[in-house]
Structures are given as structure tokens and as C-alpha cells.
file upload-v3.csv (CSV, C-alpha atoms and all ligand atoms)
chain,number,residue,atom,x,y,z
R,1,MET,CA,-7.1,4.5,58.7
R,2,SER,CA,-5.5,1.4,60.2
R,3,SER,CA,-4.3,1.5,63.7
R,4,LYS,CA,-1.7,-1.3,63.1
R,5,ILE,CA,1.9,-0.1,63.5
R,6,ARG,CA,3.9,-0.7,60.4
R,7,ALA,CA,7.5,0.1,59.5
R,8,ALA,CA,7.7,2.7,56.8
R,9,ILE,CA,10.7,3.5,54.7
R,10,THR,CA,11.2,7.2,55.5
R,11,GLY,CA,14.4,7.8,53.6
R,12,VAL,CA,16.9,6.0,51.3
R,13,ASN,CA,20.4,6.6,50.2
R,14,GLY,CA,22.9,4.7,48.1
R,15,TRP,CA,26.6,4.9,47.4
R,16,VAL,CA,28.9,3.4,44.8
R,17,PRO,CA,32.7,3.9,44.5
R,18,GLU,CA,33.9,6.1,41.7
R,19,TYR,CA,36.0,3.6,39.7
R,20,LYS,CA,34.2,2.1,36.7
R,21,LEU,CA,35.3,-1.3,35.5
R,22,THR,CA,34.1,-1.4,31.9
R,23,ASN,CA,33.5,-4.4,29.7
R,24,GLN,CA,36.4,-3.2,27.5
R,25,GLU,CA,38.8,-3.3,30.5
R,26,LEU,CA,37.5,-6.8,31.3
R,27,GLU,CA,38.2,-7.8,27.7
R,28,ARG,CA,41.9,-7.1,28.4
R,29,MET,CA,41.8,-9.2,31.6
R,30,VAL,CA,40.0,-12.4,30.6
R,31,ASP,CA,38.8,-14.2,27.5
R,32,THR,CA,35.5,-12.3,27.1
R,33,ASN,CA,34.0,-9.6,25.0
R,34,ASP,CA,31.6,-6.7,25.4
R,35,GLU,CA,29.0,-8.2,23.2
R,36,TRP,CA,28.8,-11.5,25.2
R,37,ILE,CA,28.6,-9.6,28.5
R,38,ARG,CA,25.9,-7.2,27.3
R,39,THR,CA,23.7,-9.8,25.6
R,40,ARG,CA,24.0,-12.5,28.3
R,41,THR,CA,23.8,-10.2,31.3
R,42,GLY,CA,22.9,-6.6,30.3
R,43,ILE,CA,26.0,-5.2,32.2
R,44,LYS,CA,28.1,-2.5,30.6
R,45,GLU,CA,30.2,-1.5,33.6
R,46,ARG,CA,30.4,-2.0,37.4
R,47,ARG,CA,32.0,0.0,40.2
R,48,ILE,CA,35.0,-1.2,42.1
R,49,LEU,CA,36.2,0.0,45.5
R,50,LYS,CA,39.9,0.7,45.2
R,51,GLY,CA,42.3,1.7,47.9
R,52,GLU,CA,44.1,0.1,50.8
R,53,ARG,CA,42.0,-0.9,53.9
R,54,LYS,CA,38.7,-0.1,52.4
R,55,GLY,CA,36.1,-2.8,53.1
R,56,THR,CA,32.3,-3.0,52.9
R,57,SER,CA,32.1,-0.6,55.9
R,58,GLU,CA,33.3,2.2,53.5
R,59,ILE,CA,30.1,1.6,51.4
R,60,VAL,CA,27.9,1.3,54.5
R,61,VAL,CA,29.3,4.4,56.2
R,62,ASN,CA,29.0,6.6,53.0
R,63,SER,CA,25.4,5.4,52.4
R,64,ILE,CA,24.3,6.0,56.0
R,65,LYS,CA,26.1,9.4,56.3
R,66,GLY,CA,24.0,10.6,53.4
R,67,LEU,CA,20.9,9.0,54.8
R,68,LEU,CA,21.2,10.7,58.1
R,69,GLU,CA,21.7,14.0,56.4
R,70,LYS,CA,18.8,13.6,54.0
R,71,THR,CA,16.4,12.5,56.8
R,72,ASN,CA,17.8,15.0,59.3
R,73,THR,CA,18.4,12.2,61.7
R,74,ASP,CA,20.7,12.6,64.7
R,75,PRO,CA,23.1,9.5,64.8
R,76,ASN,CA,22.4,9.2,68.5
R,77,ASP,CA,18.7,8.5,67.8
R,78,VAL,CA,19.3,5.4,65.7
R,79,GLU,CA,18.5,2.3,67.8
R,80,LEU,CA,19.4,-0.5,65.5
R,81,LEU,CA,21.4,-1.1,62.3
R,82,ILE,CA,21.0,-4.3,60.4
R,83,LEU,CA,23.4,-4.9,57.5
R,84,ALA,CA,23.0,-7.5,54.8
R,85,THR,CA,26.3,-8.5,53.4
R,86,VAL,CA,28.4,-11.5,52.3
R,87,THR,CA,31.6,-9.5,52.3
R,88,PRO,CA,32.0,-8.2,55.8
R,89,ASP,CA,35.2,-6.3,56.7
R,90,MET,CA,36.2,-9.3,58.8
R,91,VAL,CA,34.7,-12.6,59.6
R,92,PHE,CA,34.0,-11.1,63.0
R,93,PRO,CA,33.1,-8.7,64.4
R,94,ASP,CA,30.1,-7.8,62.3
R,95,THR,CA,30.5,-4.9,59.9
R,96,ALA,CA,27.3,-3.2,61.1
R,97,ASN,CA,28.9,-2.6,64.5
R,98,THR,CA,32.0,-1.2,62.9
R,99,ALA,CA,29.8,1.1,60.9
R,100,CYS,CA,28.0,2.3,64.0
R,101,ASP,CA,31.3,3.3,65.6
R,102,LEU,CA,32.5,5.1,62.4
R,103,LEU,CA,29.2,6.9,62.2
R,104,GLY,CA,28.9,7.9,65.8
R,105,MET,CA,25.7,6.0,66.2
R,106,LYS,CA,26.5,5.4,69.9
R,107,ASN,CA,23.1,4.2,71.0
R,108,ALA,CA,22.5,1.6,68.3
R,109,PHE,CA,23.0,-2.1,68.6
R,110,ALA,CA,23.9,-3.7,65.3
R,111,TYR,CA,24.4,-7.0,63.5
R,112,ASP,CA,25.0,-8.5,60.0
R,113,ILE,CA,22.7,-10.8,58.1
R,114,ASN,CA,24.0,-13.2,55.5
R,115,ALA,CA,21.4,-14.3,53.0
R,116,ALA,CA,23.5,-13.5,49.9
R,117,CYS,CA,21.5,-11.7,47.2
R,118,SER,CA,18.3,-11.9,49.2
R,119,GLY,CA,20.0,-10.3,52.2
R,120,PHE,CA,18.6,-6.9,51.9
R,121,ILE,CA,14.9,-8.0,51.8
R,122,PHE,CA,15.5,-10.5,54.6
R,123,ALA,CA,17.1,-7.7,56.7
R,124,LEU,CA,14.3,-5.2,55.8
R,125,ALA,CA,11.6,-7.6,57.0
R,126,THR,CA,13.7,-8.2,60.2
R,127,GLY,CA,14.1,-4.5,60.8
R,128,ALA,CA,10.4,-4.0,60.2
R,129,LYS,CA,9.6,-6.5,63.0
R,130,PHE,CA,11.5,-4.4,65.5
R,131,ILE,CA,9.4,-1.4,64.5
R,132,GLN,CA,6.1,-3.3,64.5
R,133,SER,CA,6.8,-4.5,68.0
R,134,GLY,CA,6.3,-0.9,69.1
R,135,MET,CA,9.6,-1.0,71.0
R,136,TYR,CA,11.8,0.7,68.3
R,137,LYS,CA,11.4,4.0,66.5
R,138,LYS,CA,14.4,4.4,64.3
R,139,VAL,CA,16.0,1.4,62.6
R,140,ILE,CA,18.4,1.5,59.7
R,141,VAL,CA,18.6,-1.4,57.2
R,142,ALA,CA,21.6,-1.5,54.9
R,143,GLY,CA,22.7,-3.8,52.0
R,144,ALA,CA,26.2,-3.5,50.8
R,145,ASP,CA,28.9,-5.6,49.3
R,146,LYS,CA,32.5,-5.3,48.1
R,147,MET,CA,32.1,-8.2,45.7
R,148,SER,CA,35.5,-7.3,44.1
R,149,SER,CA,37.1,-8.7,47.3
R,150,ILE,CA,35.8,-12.2,46.6
R,151,VAL,CA,35.7,-12.3,42.8
R,152,ASP,CA,38.3,-14.2,40.8
R,153,TYR,CA,39.4,-11.9,38.0
R,154,THR,CA,40.7,-14.9,36.1
R,155,ASP,CA,37.3,-16.6,36.0
R,156,ARG,CA,35.3,-15.1,33.2
R,157,ALA,CA,32.1,-16.8,34.3
R,158,THR,CA,31.8,-14.7,37.4
R,159,CYS,CA,34.1,-11.7,37.2
R,160,VAL,CA,32.0,-10.0,34.6
R,161,ILE,CA,28.9,-10.1,36.7
R,162,PHE,CA,29.7,-8.6,40.1
R,163,GLY,CA,30.3,-5.0,41.3
R,164,ASP,CA,30.7,-3.0,44.6
R,165,GLY,CA,28.1,-0.8,46.1
R,166,GLY,CA,25.1,-0.5,48.4
R,167,GLY,CA,22.6,1.6,50.2
R,168,ALA,CA,20.5,2.0,53.3
R,169,VAL,CA,16.9,2.9,54.3
R,170,LEU,CA,15.5,4.4,57.5
R,171,LEU,CA,12.5,2.6,59.0
R,172,GLU,CA,10.1,4.5,61.3
R,173,PRO,CA,6.7,3.5,62.7
R,174,THR,CA,3.5,4.7,61.1
R,175,GLU,CA,-0.2,4.0,61.6
R,176,SER,CA,-1.1,5.6,58.3
R,177,GLY,CA,-1.4,2.3,56.4
R,178,HIS,CA,1.8,2.9,54.6
R,179,GLY,CA,5.0,0.8,55.1
R,180,ILE,CA,5.9,-2.8,54.9
R,181,ILE,CA,2.7,-4.9,54.6
R,182,ASP,CA,3.6,-8.5,53.8
R,183,GLU,CA,6.4,-10.8,52.8
R,184,ILE,CA,7.0,-14.3,51.6
R,185,PHE,CA,10.5,-15.8,52.1
R,186,LYS,CA,11.8,-19.2,51.1
R,187,GLY,CA,15.0,-21.2,51.3
R,188,ASP,CA,16.6,-24.3,50.0
R,189,GLY,CA,20.0,-25.2,51.4
R,190,SER,CA,20.6,-27.9,48.8
R,191,GLY,CA,21.1,-25.0,46.3
R,192,ARG,CA,24.5,-24.3,48.1
R,193,GLN,CA,26.2,-26.6,45.6
R,194,TYR,CA,25.6,-24.1,42.8
R,195,LEU,CA,26.7,-20.9,44.5
R,196,HIS,CA,29.3,-20.7,47.3
R,197,MET,CA,32.8,-19.9,48.4
R,198,LYS,CA,34.7,-23.1,49.0
R,199,ALA,CA,37.2,-22.1,51.6
R,200,GLY,CA,37.7,-19.5,54.4
R,201,GLY,CA,34.9,-20.7,56.6
R,202,SER,CA,35.0,-23.3,59.5
R,203,LEU,CA,34.5,-26.2,57.1
R,204,LYS,CA,37.7,-25.4,55.2
R,205,PRO,CA,39.8,-22.7,57.0
R,206,PRO,CA,42.2,-20.7,54.9
R,207,SER,CA,45.5,-22.5,54.1
R,208,HIS,CA,48.2,-22.2,51.5
R,209,ALA,CA,46.5,-25.0,49.6
R,210,SER,CA,43.1,-23.3,49.6
R,211,ILE,CA,44.8,-20.1,48.3
R,212,ASP,CA,46.7,-22.0,45.6
R,213,ALA,CA,43.5,-23.7,44.6
R,214,ARG,CA,41.8,-20.2,44.3
R,215,GLU,CA,39.1,-21.3,46.7
R,216,HIS,CA,38.5,-17.9,48.4
R,217,PHE,CA,36.4,-16.7,45.5
R,218,VAL,CA,32.7,-16.9,44.4
R,219,PHE,CA,32.0,-20.2,42.7
R,220,GLN,CA,28.9,-20.2,40.6
R,221,ASP,CA,27.3,-22.8,38.3
R,222,GLY,CA,25.2,-20.1,36.5
R,223,ARG,CA,22.5,-22.0,34.7
R,224,PRO,CA,20.8,-23.8,37.6
R,225,VAL,CA,21.0,-20.5,39.5
R,226,PHE,CA,19.4,-18.6,36.6
R,227,LYS,CA,16.5,-21.1,36.4
R,228,ALA,CA,15.8,-21.2,40.1
R,229,ALA,CA,16.0,-17.4,40.3
R,230,VAL,CA,13.3,-16.9,37.7
R,231,LYS,CA,11.1,-19.5,39.3
R,232,GLY,CA,11.7,-18.3,42.9
R,233,MET,CA,11.1,-14.6,42.2
R,234,THR,CA,8.0,-15.1,40.0
R,235,SER,CA,6.3,-17.6,42.3
R,236,THR,CA,6.7,-15.5,45.5
R,237,VAL,CA,5.5,-12.4,43.7
R,238,GLU,CA,2.4,-14.3,42.4
R,239,GLN,CA,1.7,-15.7,45.9
R,240,LEU,CA,2.1,-12.2,47.5
R,241,LEU,CA,-0.3,-10.6,45.0
R,242,LYS,CA,-2.9,-13.4,45.6
R,243,ARG,CA,-2.6,-13.3,49.4
R,244,ASN,CA,-3.1,-9.5,49.4
R,245,GLY,CA,-6.0,-9.5,46.9
R,246,LEU,CA,-3.9,-7.6,44.3
R,247,ASN,CA,-3.4,-7.9,40.6
R,248,LYS,CA,-0.5,-6.7,38.6
R,249,GLU,CA,-2.3,-3.4,37.7
R,250,ASP,CA,-2.3,-2.5,41.4
R,251,ILE,CA,1.5,-2.6,41.6
R,252,ASN,CA,3.2,0.6,40.6
R,253,TRP,CA,6.8,-0.8,40.8
R,254,LEU,CA,8.3,-4.2,40.8
R,255,ILE,CA,11.9,-4.0,42.0
R,256,PRO,CA,13.9,-7.1,41.3
R,257,HIS,CA,17.4,-8.0,42.5
R,258,GLN,CA,19.8,-7.1,39.7
R,259,ALA,CA,21.6,-10.3,38.9
R,260,ASN,CA,21.1,-10.6,35.1
R,261,GLN,CA,19.0,-8.5,32.7
R,262,ARG,CA,17.7,-11.7,31.2
R,263,ILE,CA,16.5,-12.9,34.6
R,264,ILE,CA,14.7,-9.6,35.1
R,265,ASN,CA,13.1,-9.8,31.6
R,266,SER,CA,12.0,-13.3,32.2
R,267,VAL,CA,10.4,-12.5,35.5
R,268,ALA,CA,8.6,-9.4,34.0
R,269,SER,CA,7.5,-11.5,31.0
R,270,ILE,CA,6.1,-14.4,33.0
R,271,LEU,CA,4.2,-12.0,35.3
R,272,ASP,CA,3.1,-10.0,32.2
R,273,PHE,CA,4.4,-6.9,34.0
R,274,PRO,CA,5.2,-3.8,32.0
R,275,VAL,CA,9.0,-3.2,31.9
R,276,GLU,CA,8.5,0.5,32.3
R,277,ARG,CA,7.6,-0.2,35.9
R,278,VAL,CA,10.6,-2.4,36.6
R,279,PRO,CA,13.6,-0.4,37.8
R,280,VAL,CA,16.9,-1.6,36.2
R,281,ASN,CA,20.4,-0.3,36.8
R,282,ILE,CA,22.3,-3.4,36.3
R,283,HIS,CA,24.0,-1.9,33.2
R,284,LYS,CA,25.8,0.6,35.4
R,285,TYR,CA,26.5,-1.4,38.6
R,286,GLY,CA,26.4,-5.1,37.8
R,287,ASN,CA,25.3,-7.4,40.6
R,288,THR,CA,26.2,-5.8,44.0
R,289,THR,CA,24.6,-8.7,45.9
R,290,GLY,CA,23.1,-7.1,49.1
R,291,GLY,CA,23.4,-3.7,47.4
R,292,THR,CA,21.1,-4.0,44.4
R,293,ILE,CA,17.7,-3.3,45.8
R,294,PRO,CA,18.7,-0.3,48.0
R,295,LEU,CA,20.5,1.1,45.0
R,296,CYS,CA,17.3,0.8,42.9
R,297,LEU,CA,15.2,2.4,45.7
R,298,TRP,CA,17.7,5.3,45.9
R,299,GLU,CA,17.8,5.9,42.1
R,300,TRP,CA,14.0,5.6,41.7
R,301,GLU,CA,13.1,7.5,44.9
R,302,GLU,CA,12.2,10.7,43.0
R,303,LYS,CA,9.7,8.7,40.8
R,304,PHE,CA,7.9,7.1,43.7
R,305,ASN,CA,4.7,8.7,45.0
R,306,LYS,CA,3.2,8.4,48.4
R,307,GLY,CA,0.9,5.4,48.4
R,308,ASP,CA,2.6,3.6,45.6
R,309,ASN,CA,2.4,-0.2,45.8
R,310,ILE,CA,5.9,-1.6,45.5
R,311,ILE,CA,7.1,-5.2,45.4
R,312,LEU,CA,10.7,-6.1,46.1
R,313,THR,CA,11.8,-9.5,44.9
R,314,ALA,CA,15.2,-11.3,45.2
R,315,PHE,CA,16.9,-14.6,44.8
R,316,GLY,CA,20.4,-15.5,46.0
R,317,GLY,CA,22.9,-18.0,47.3
R,318,GLY,CA,21.7,-20.5,49.8
R,319,PHE,CA,19.4,-20.7,48.0
R,320,THR,CA,17.4,-17.9,49.5
R,321,TRP,CA,14.5,-16.0,47.9
R,322,GLY,CA,11.4,-14.1,48.4
R,323,SER,CA,9.3,-10.9,47.9
R,324,ILE,CA,8.1,-8.0,50.0
R,325,TYR,CA,5.0,-5.9,49.5
R,326,LEU,CA,5.1,-2.3,50.8
R,327,LYS,CA,3.3,1.0,50.4
R,328,TRP,CA,5.6,3.9,49.8
R,329,ALA,CA,5.2,6.4,52.6
R,330,TYR,CA,6.4,9.8,51.2
H,401,LIG,O1,22.8,-12.9,42.2
H,401,LIG,C1,22.2,-14.1,42.7
H,401,LIG,C2,22.4,-15.3,42.0
H,401,LIG,N1,23.1,-15.3,40.7
H,401,LIG,C3,22.4,-15.2,39.5
H,401,LIG,O2,21.2,-15.1,39.6
H,401,LIG,C4,23.1,-15.5,38.3
H,401,LIG,C5,22.4,-16.5,37.4
H,401,LIG,N2,23.1,-16.9,36.2
H,401,LIG,C6,23.4,-16.1,35.2
H,401,LIG,O3,23.1,-14.9,35.2
H,401,LIG,C7,24.0,-16.7,34.0
H,401,LIG,O4,24.0,-18.1,34.1
H,401,LIG,C8,25.5,-16.3,33.7
H,401,LIG,C9,25.5,-14.8,33.3
H,401,LIG,C10,26.3,-16.5,34.9
H,401,LIG,C11,26.1,-17.1,32.6
H,401,LIG,O5,25.2,-17.0,31.4
H,401,LIG,P1,24.7,-18.3,30.6
H,401,LIG,O6,23.9,-17.8,29.5
H,401,LIG,O7,24.0,-19.2,31.6
H,401,LIG,O8,26.1,-18.9,30.1
H,401,LIG,P2,26.7,-20.4,30.4
H,401,LIG,O9,27.3,-20.4,31.8
H,401,LIG,O10,25.7,-21.4,30.0
H,401,LIG,O11,27.8,-20.3,29.3
H,401,LIG,C12,27.6,-20.3,27.9
H,401,LIG,C13,28.9,-20.2,27.2
H,401,LIG,C14,29.9,-21.2,27.7
H,401,LIG,O12,30.7,-21.5,26.5
H,401,LIG,P3,30.4,-22.9,25.8
H,401,LIG,O13,30.5,-24.0,26.8
H,401,LIG,O14,29.0,-22.8,25.3
H,401,LIG,O15,31.4,-23.0,24.7
H,401,LIG,C15,30.8,-20.4,28.6
H,401,LIG,O16,32.1,-20.9,28.7
H,401,LIG,O17,29.4,-18.9,27.4
H,401,LIG,C16,30.8,-19.0,27.9
H,401,LIG,N3,31.1,-17.9,28.8
H,401,LIG,C17,31.6,-16.7,28.4
H,401,LIG,N4,31.9,-16.3,27.2
H,401,LIG,C18,32.4,-15.1,27.1
H,401,LIG,C19,30.8,-17.8,30.1
H,401,LIG,N5,31.2,-16.6,30.6
H,401,LIG,C20,31.7,-15.9,29.5
H,401,LIG,C21,32.2,-14.7,29.4
H,401,LIG,N6,32.6,-14.2,28.1
H,401,LIG,N7,32.3,-13.8,30.4
call {"tool": "encode", "arguments": {"input": "upload-v3.csv", "output": "C-alpha cells", "more": "lines below"}}
Ligand code: UT7
result
Amino acid sequence: MSSKIRAAITGVNGWVPEYKLTNQELERMVDTNDEWIRTRTGIKERRILKGERKGTSEIVVNSIKGLLEKTNTDPNDVELLILATVTPDMVFPDTANTACDLLGMKNAFAYDINAACSGFIFALATGAKFIQSGMYKKVIVAGADKMSSIVDYTDRATCVIFGDGGGAVLLEPTESGHGIIDEIFKGDGSGRQYLHMKAGGSLKPPSHASIDAREHFVFQDGRPVFKAAVKGMTSTVEQLLKRNGLNKEDINWLIPHQANQRIINSVASILDFPVERVPVNIHKYGNTTGGTIPLCLWEWEEKFNKGDNIILTAFGGGFTWGSIYLKWAY
């Protein structure tokens, strides 16, 4: 029995919009085909948030509503919400604050974190630190993106990959030895050349010219990102295992960011990790950026057992990447 305070995930919930954008529908929109998308990415369909004035907060609010119900948590007891997103409702204020208002979480402070596809694991580690300090008892960490708001549906290289969705976890303190145990995070800002949005920030504020040049969308040079993703995820998982005296047999679940089925396969193969213990839902949801890992946790929750050793690993724009080691608490 350890007396160290750790942050345990004590509940998880996910939410995806109803509309399914299938590969067949994409075939009618751009010069692509179902076979290419499935074999190069593993994606069959992705969800799209339709409707006027529905931003990422819609995903966050629906995820957290279900989370509060499932965990029997009074909204007034939540002290902090951290949201990982690259598609906030507005540049400011942060969407986490908006979500607190819509959810009636009156006593919570809140803020967004932008670390692209690594956002959720960065946010999770940040939330855990508040719990570990002993000062906070109920922290919610969410990851959600409405990627359809920044995807160019005339660019076949990116529009087939991304989808909308997300999820949230509740963190509470425990001294039982469960919870978030260790993390290794990395960054390399020079990777920004391969994955970014050209306009809309302070460097290049929106203008007629930037709109005409279609610069308010995700730009990605896929190959270098693919290579760096495989390397970044495998190396941080290996380091985390070593540092914690674990080998791959000790790990019950390896949960990777869902960017490409081939990236996931490569990571599992290099680590020689059995694919049965690698949750994958990319075929249904595509890459939801901040949303992929909470969506996996949500869909695999029933399969987890108390005490399971779980590694979360992600790579994203920035570049940002890393892995978290945790012991499932329920
Ligand atoms: O989420 C965080 C970070 N993001 C990632 O981790 C994504 C990493 N990258 C990838 O997943 C892959 O690089 C992509 C899925 C984006 C692209 O797959 P790829 O195997 O790297 O393809 P490519 O970009 O090298 O393109 C190969 C060919 C090209 O044609 P040519 O030049 O060989 O004639 C592309 O024009 O495939 C073509 N292509 C397509 N063809 C049909 C690219 N997109 C499509 C498409 N349909 N949608």
C-alpha cells in the first residue's frame, strides 16, 4: 500500500455526433476511393457535427453530461476542467469555460490546452498534477475536436482522415497505488512545417486573401509526420517501460492515438506488442485529434479490470508526443 497521492481515472465518457461521413460519400466529393482510404489509413467512416452554431463545446458538454451522470457527480463539486482541443468554439475565450457555464459547473475554473493530437495526454498529466498536489479532489480532463471545421473538403490528402468527437475522464485522488504513475513527454517545434494551419493566428490574421488561398484549413505533409509518429510513440513507450521496470507482458492495454491504422500497426509491431491488446476504433471515427484516446478509453472501459496496467501514447502537430503509464482504478 503506497501512501503517495495519485490521480485515478474514476469514470470516462465519450460522445460522437450522429452523422456518418462514409468513404463512399467522400468518393463523390474528391478524387479518392474507398480502397485507398481503407488500405492507407484503416478508416471506413468518420462522424461529422452538423447544424448551425454547434462547435466543439457541443462535444465537450455531451461527453461531460454523461460523465457526471455515470459517476454520480454533482456539477458543483467539479473544481477544474482542462480541455485539449485545436478547434475551440472561438479563439478566445477558452471552450472549457464555455462548457462549464453550459454544464452548470459553477465552482470550476477551466482552460484549454493546445498540443494537437497529444493534447489529451498532456492535459491528463496536467490535471493529475493538481490532484497529486493534494489541493484538488475532482478534476475533469476532456479531449474533443470538431475537425470538420478546419478540414478542406477539396483536399483529398487530409479530408479523408479527420472526424469529430471526443470524451472526458474524471480524476480523483487515491492512495491505493492505482492511477497515473508516470509520463514521458517530448516536443520538437521544428515539426510545425509539416502540420499546421497557415492563417487565422496572430502571424497571419484572417483576410480575404487568406480565405481565397484556403489557408484556414489543416495543412499536412503526411509522410514525415507518419515516420516521426511511429518513432516518437515507440521510443517513449520503450523508455516508460524501462524506467518503471516493466516489460511488454506486464502491460494489459496499449492505447495509441488513432491517426492511421498503419501507424498503430507499426508501433505494435516494433514493440512486438499483441494487437489484441491495442484498442482501435479509427475505422469508425477517423482521427478526432484530442478526442481519440478518451474515445478509446470509453469504448474499452467495460474490458478493463481494476489494476490493469495501461499505456497511453500519442503523437501530434507541434510536433508533440509522449506516453503515460497508469493503473486502472475500477
Ligand atoms: O494525428 C497526428 C498526426 N498525423 C498523422 O499521424 C498522419 C500521418 N500521415 C499519414 O497517416 C499518411 O501519410 C497519410 C494517410 C496522410 C497519407 O498516406 P501516405 O501513404 O503517406 O500517402 P502519400 O501522401 O505518400 O501519397 C501517396 C499517393 C500520392 O499519389 P502519387 O504522388 O503517388 O501519385 C497521393 O497524391 O496517394 C495519393 N493520395 C490519395 N489517393 C487517393 C493522397 N491522398 C489520397 C486519397 N485518395 N485520399
call {"tool": "residues_near_ligand", "arguments": {"input": "upload-v3.csv", "ligand": "ligand LIG 401 (chain H)", "cutoff": "6 Å", "atoms": "only C-alpha atoms and all ligand atoms", "output": "list in words"}}
result
Thr32, Asn33, Trp36, Ile37, Arg40, Thr41, Cys117, Arg156, Ala157, Val160, Gly222, Arg223, Val225, Phe226, Ala229, Ala259, Asn260, Thr289, Phe315, Gly316 and Gly317 of chain R
call {"tool": "residues_around", "arguments": {"input": "upload-v3.csv", "residues": "Gly291 in chain R", "least_positions_apart": "4", "cutoff": "12 Å", "atoms": "only C-alpha atoms", "output": "count of residues only"}}
result
50
call {"tool": "closest_residue", "arguments": {"input": "upload-v3.csv", "among": "R:Gly322, R:Pro75, R:Pro206, R:Gly55", "to": "Glu183 in chain R", "atoms": "all atoms listed in the file"}}
result
R:Gly322
call {"tool": "atom_distance", "arguments": {"input": "upload-v3.csv", "atom1": "CA of Arg277 in chain R", "atom2": "CA of Asn252 in chain R"}}
result
6.5 Å
call {"tool": "atom_distance", "arguments": {"input": "upload-v3.csv", "atom1": "CA of Lys248 in chain R", "atom2": "CA of Ser266 in chain R"}}
result
15.5 Å
call {"tool": "atom_distance", "arguments": {"input": "upload-v3.csv", "atom1": "CA of Lys227 in chain R", "atom2": "CA of Asp188 in chain R"}}
result
14.0 Å
call {"tool": "closest_residue", "arguments": {"input": "upload-v3.csv", "among": "R:Val30, R:Met197, R:Met90, R:Ile311", "to": "Arg53 in chain R", "atoms": "all atoms listed in the file"}}
result
R:Met90
call {"tool": "residues_around", "arguments": {"input": "upload-v3.csv", "residues": "Glu18 in chain R", "least_positions_apart": "4", "cutoff": "9 Å", "atoms": "only C-alpha atoms", "output": "PDB file with C-alpha atoms, keeping the file's coordinate frame"}}
result
ATOM      1  CA  ARG R  47      32.000   0.000  40.200  1.00  0.00           C
ATOM      2  CA  ILE R  48      35.000  -1.200  42.100  1.00  0.00           C
ATOM      3  CA  LEU R  49      36.200   0.000  45.500  1.00  0.00           C
ATOM      4  CA  LYS R  50      39.900   0.700  45.200  1.00  0.00           C
TER       5      LYS R  50
END
call {"tool": "closest_residue", "arguments": {"input": "upload-v3.csv", "among": "R:Trp328, R:Phe109, R:Tyr153, R:Tyr194", "to": "Asn76 in chain R", "atoms": "all atoms listed in the file"}}
result
R:Phe109
